[in-house]
Amino acid sequence: MELNKRTILWIVFSVSLVVLWNDWMVANGKQSMFSLTPPPPAVTAPVAKAPASAVPTAPAVAGAAALPGEAPAVQALKPEIITITTDVIKADIDTAGGVIKRLELLKFHDKLDKTKNQVLFDVKPTGIYVAQTGLISNTGTALPNHNTGFVAKPGPRSTNGNSEVQLVLEAEQGGVKLTKTYTFKKGDYLIGLRHDVTNLGAAAVAPSLYMQLLHHGNEPEGESWFNASYTGPTLYTDADKYQKLDFETIEKHGKAEHSTKSNDGWIAISQHYFVSAFIPQDKAPRDIYTKKVDTNLYAIGNLIPLGPIAPGATLSNEARLYSGPQDENKLETIAPGLELVKDYGMLTIIAKPIFWVMDQINKVLGNWGWTIIALTVLIKLLFFPLSAASYKSMAKMKLVTPKMQAIREKYKGDPAKMNQATMELYKTEKINPLGGCLPILVQMPVFIALYWVLNSSAEMRGAPWVGWIQDLTAPDPYYILPVLYAISMFITTKLNPQPADPAQAKMMLWMPLIFSVMFFFFPAGLVLYWVVNNILSIAQQWVITKNFESGKTK
């Protein structure tokens, strides 16, 4: 039976979309469509003394749940919200526990309301997302924790005129003084966090320091079927590398399966374009835990034994908290593996070089839209020989279409003879009916990897191109690019050899429209790539086809 090459190409394209969907499912912690068995249930050893209390929410701070084995902290001080402002972030820190309860990114707009800034940490009726730290005693004595009232030392609250600003918080409880020092630097999303633990008692103490991120399990706002993203706990250790978890597993089992001990690495809450990560000091033994804290509230954290502290002595522990965009170049300099939160899916090995090339081009052009166009041209040049082979095959097929139609008419009642005659025609004309498919198959991994690059790069979030395209990561607001894509696909269809089967010909005319409607929901940057790629392909195919028709090329 005759094989129609264009049908195969459409199938390849459709399969690629299925692969993209499957990658998205896996990226969001779902089971792969190609997996025959469900993932095994998570089983982990319990983490001793893991903090499990809910977030203290003013004004009911005194009633917040206590840590395991501890009495609730008595809140004798009136809570106060201290606001620290730099040129890139605005952070609200509650003296009740020294908790970062709200963190606003001043350089990024909200996805749904462009008049507002992107907010990461926040305490709202719809969900809680905060960063907490505190101490746990090995004797069960209540020590300063995220329920304890702290006193804020006076000092500047903004980087205006300063390269950095510090907030110092002090609290005493159970014979131990805890001093938290937050350091905010101008132009930096990395927050320094030092814990100074002073033993005020007459006997040695051996507390543990916990650092945890709490997050609700709600679906991200503004997600679409075609542009969904992952939000959940992630972590990294040098031994086990990058691990991505999900709230559903924690909800079902009370915890998730992951590394539980390490001397290095970090813990984080990752979301589309942004991440918040606690990075403890290196070479410090720690437990890693995940757990359900409350209804629709989950935690990932570190528990770090500080060792014995003699009476009157002070022990200091340095840590860092990054809360900002998934800027790949920046994350690479902060901690090993932190750049992996920018998830490229299964084709990372291809996607990372693509982003590196785009980053170098953008340093020259200064516009991500023109960078995408330049990258498209480079990819087209890279695959020029393969594309040329494909278009030559199509041109040959177009020239022999009348002969193929004649064979169909002659042997329409005998499929075996029709297939035999068609194969003989291919042999006579030196045509490989699948000659145009291999180049497309080779290019598909690049196209899919580019999809993940464009869909994952915070560097392009809110980046304009020209005119009506003011955010390359958002869909085209006026659908101009999808319409241009439909037109380009229609022209491509006309340049290809027409199917002998009328029903198949009608299907080929409808396919561009179907995929164009899907592209209404895709990021504008990705559709821009496809439009430019199609325009270049049309030009290349038109030249090759005309040369074949005029006999200039064989």
# chains A, B, ... in the order shown; residues from 1 in each chain; ligands from 1
call {"tool": "residues_around", "arguments": {"residues": "Gln166 of chain A", "least_positions_apart": "4", "cutoff": "10 Å", "atoms": "only C-alpha atoms", "output": "list of chain:residue names"}}
result
A:Ile84, A:Lys153, A:Pro154, A:Gly155, A:Pro156, A:Arg157, A:Ser158, A:Thr159, A:Thr181, A:Tyr182, A:Thr183, A:Phe184, A:Lys185, A:Ile191, A:Gly192, A:Leu193
call {"tool": "closest_residue", "arguments": {"among": "A:Phe108, A:Leu526, A:Thr86, A:Leu77", "to": "Val165 of chain A", "atoms": "only C-alpha atoms"}}
result
A:Thr86
call {"tool": "residues_around", "arguments": {"residues": "segment 448-457 of chain A", "least_positions_apart": "4", "cutoff": "6 Å", "atoms": "only C-alpha atoms", "output": "list in words"}}
result
Tyr344, Leu347 and Ala351 of chain A
call {"tool": "closest_residue", "arguments": {"among": "A:Leu340, A:Leu441, A:Ala131, A:Asn362", "to": "Leu321 of chain A", "atoms": "only C-alpha atoms"}}
result
A:Ala131
call {"tool": "closest_residue", "arguments": {"among": "A:Leu365, A:Thr493, A:Gly187, A:Lys111", "to": "Asp471 of chain A", "atoms": "only C-alpha atoms"}}
result
A:Lys111
call {"tool": "residues_around", "arguments": {"residues": "Asn117 of chain A", "least_positions_apart": "3", "cutoff": "8 Å", "atoms": "only C-alpha atoms", "output": "compact mmCIF listing (two decimals) with N, CA and C atoms, in the first residue's frame"}}
result
# COMPACT_ATOMS: atom_id res chain seq x y z
N GLU A 104 7.94 40.10 48.27
CA GLU A 104 7.48 40.65 46.99
C GLU A 104 8.68 40.92 46.09
N LEU A 105 8.59 40.48 44.84
CA LEU A 105 9.66 40.71 43.87
C LEU A 105 9.33 41.97 43.07
N LEU A 106 10.15 43.00 43.24
CA LEU A 106 9.83 44.31 42.68
C LEU A 106 10.12 44.42 41.19
N LYS A 107 10.84 43.46 40.62
CA LYS A 107 11.20 43.52 39.20
C LYS A 107 10.33 42.59 38.34
N PHE A 108 9.38 41.89 38.97
CA PHE A 108 8.54 40.95 38.23
C PHE A 108 7.07 41.22 38.52
N HIS A 109 6.29 41.30 37.45
CA HIS A 109 4.85 41.53 37.60
C HIS A 109 4.12 40.22 37.87
N ASP A 110 2.97 40.34 38.52
CA ASP A 110 2.11 39.19 38.75
C ASP A 110 1.62 38.63 37.41
N LYS A 114 -1.03 42.57 35.99
CA LYS A 114 0.24 43.22 35.66
C LYS A 114 0.47 44.50 36.47
call {"tool": "closest_residue", "arguments": {"among": "A:Ala474, A:Leu399, A:Val364, A:Ile487", "to": "Phe521 of chain A", "atoms": "only C-alpha atoms"}}
result
A:Ala474
call {"tool": "atom_distance", "arguments": {"atom1": "atom CA of Asn329 of chain A", "atom2": "atom CA of Pro233 of chain A"}}
result
21.5 Å
call {"tool": "residues_around", "arguments": {"residues": "Met460 of chain A", "least_positions_apart": "4", "cutoff": "7 Å", "atoms": "only C-alpha atoms", "output": "mmCIF file with C-alpha atoms, in the first residue's frame"}}
result
data_model
loop_
_atom_site.group_PDB
_atom_site.id
_atom_site.type_symbol
_atom_site.label_atom_id
_atom_site.label_comp_id
_atom_site.auth_asym_id
_atom_site.auth_seq_id
_atom_site.Cartn_x
_atom_site.Cartn_y
_atom_site.Cartn_z
ATOM 1 C CA TRP A 368 14.721 37.966 23.581
ATOM 2 C CA LEU A 472 7.169 36.227 25.224
ATOM 3 C CA THR A 473 6.192 33.654 27.853
#
call {"tool": "residues_around", "arguments": {"residues": "Arg286 of chain A", "least_positions_apart": "6", "cutoff": "10 Å", "atoms": "only C-alpha atoms", "output": "PyMOL selection string"}}
result
chain A and resi 208-210+260-265+280+301-306
call {"tool": "closest_residue", "arguments": {"among": "A:Trp356, A:Tyr230, A:Tyr298, A:Trp370", "to": "His272 of chain A", "atoms": "only C-alpha atoms"}}
result
A:Tyr230
call {"tool": "closest_atom_pairs", "arguments": {"of": "segment 259-324 of chain A", "to": "segment 122-130 of chain A", "cutoff": "10 Å", "atoms": "only C-alpha atoms", "output": "Markdown table"}}
result
| residue | atom | partner | partner_atom | distance |
| --- | --- | --- | --- | --- |
| A:Ile269 | CA | A:Tyr129 | CA | 9.4 |
| A:Ser276 | CA | A:Val130 | CA | 9.6 |
| A:Asn296 | CA | A:Gly127 | CA | 7.9 |
| A:Leu297 | CA | A:Ile128 | CA | 7.2 |
| A:Tyr298 | CA | A:Tyr129 | CA | 9.4 |
| A:Ala299 | CA | A:Tyr129 | CA | 9.6 |
call {"tool": "residues_around", "arguments": {"residues": "Gly201 of chain A", "least_positions_apart": "3", "cutoff": "8 Å", "atoms": "only C-alpha atoms", "output": "NGL selection string"}}
result
:A and (175-176 or 204 or 311-312)
call {"tool": "write_last_selection", "arguments": {"atoms": "N, CA and C atoms", "output": "compact mmCIF listing (two decimals), in the first residue's frame"}}
result
# COMPACT_ATOMS: atom_id res chain seq x y z
N GLY A 175 16.54 29.25 78.79
CA GLY A 175 17.95 29.43 79.12
C GLY A 175 18.85 29.57 77.91
N VAL A 176 18.26 29.82 76.75
CA VAL A 176 19.04 29.98 75.52
C VAL A 176 18.61 31.27 74.82
N ALA A 204 25.65 22.66 80.01
CA ALA A 204 25.78 22.63 78.55
C ALA A 204 24.45 22.23 77.91
N PRO A 311 28.14 26.57 79.00
CA PRO A 311 27.53 27.75 79.64
C PRO A 311 28.29 29.02 79.30
N GLY A 312 27.57 30.04 78.90
CA GLY A 312 28.18 31.33 78.54
C GLY A 312 28.75 31.39 77.14
call {"tool": "select_by_dssp", "arguments": {"residues": "segment 173-275 of chain A", "states": "strand (DSSP E)", "output": "ChimeraX atom specification"}}
result
/A:173,176-185,190-199,208-216,232-237,241-244,261-262,266-271,274-275
call {"tool": "select_by_dssp", "arguments": {"residues": "segment 192-404 of chain A", "states": "helix (DSSP H, G or I)", "output": "VMD selection string"}}
result
chain A and resid 247 to 253 328 to 334 338 to 341 345 to 365 368 to 382 384 to 399 401 to 404
call {"tool": "closest_residue", "arguments": {"among": "A:Ile250, A:Ala142, A:Val293, A:Val543", "to": "Glu172 of chain A", "atoms": "only C-alpha atoms"}}
result
A:Ala142
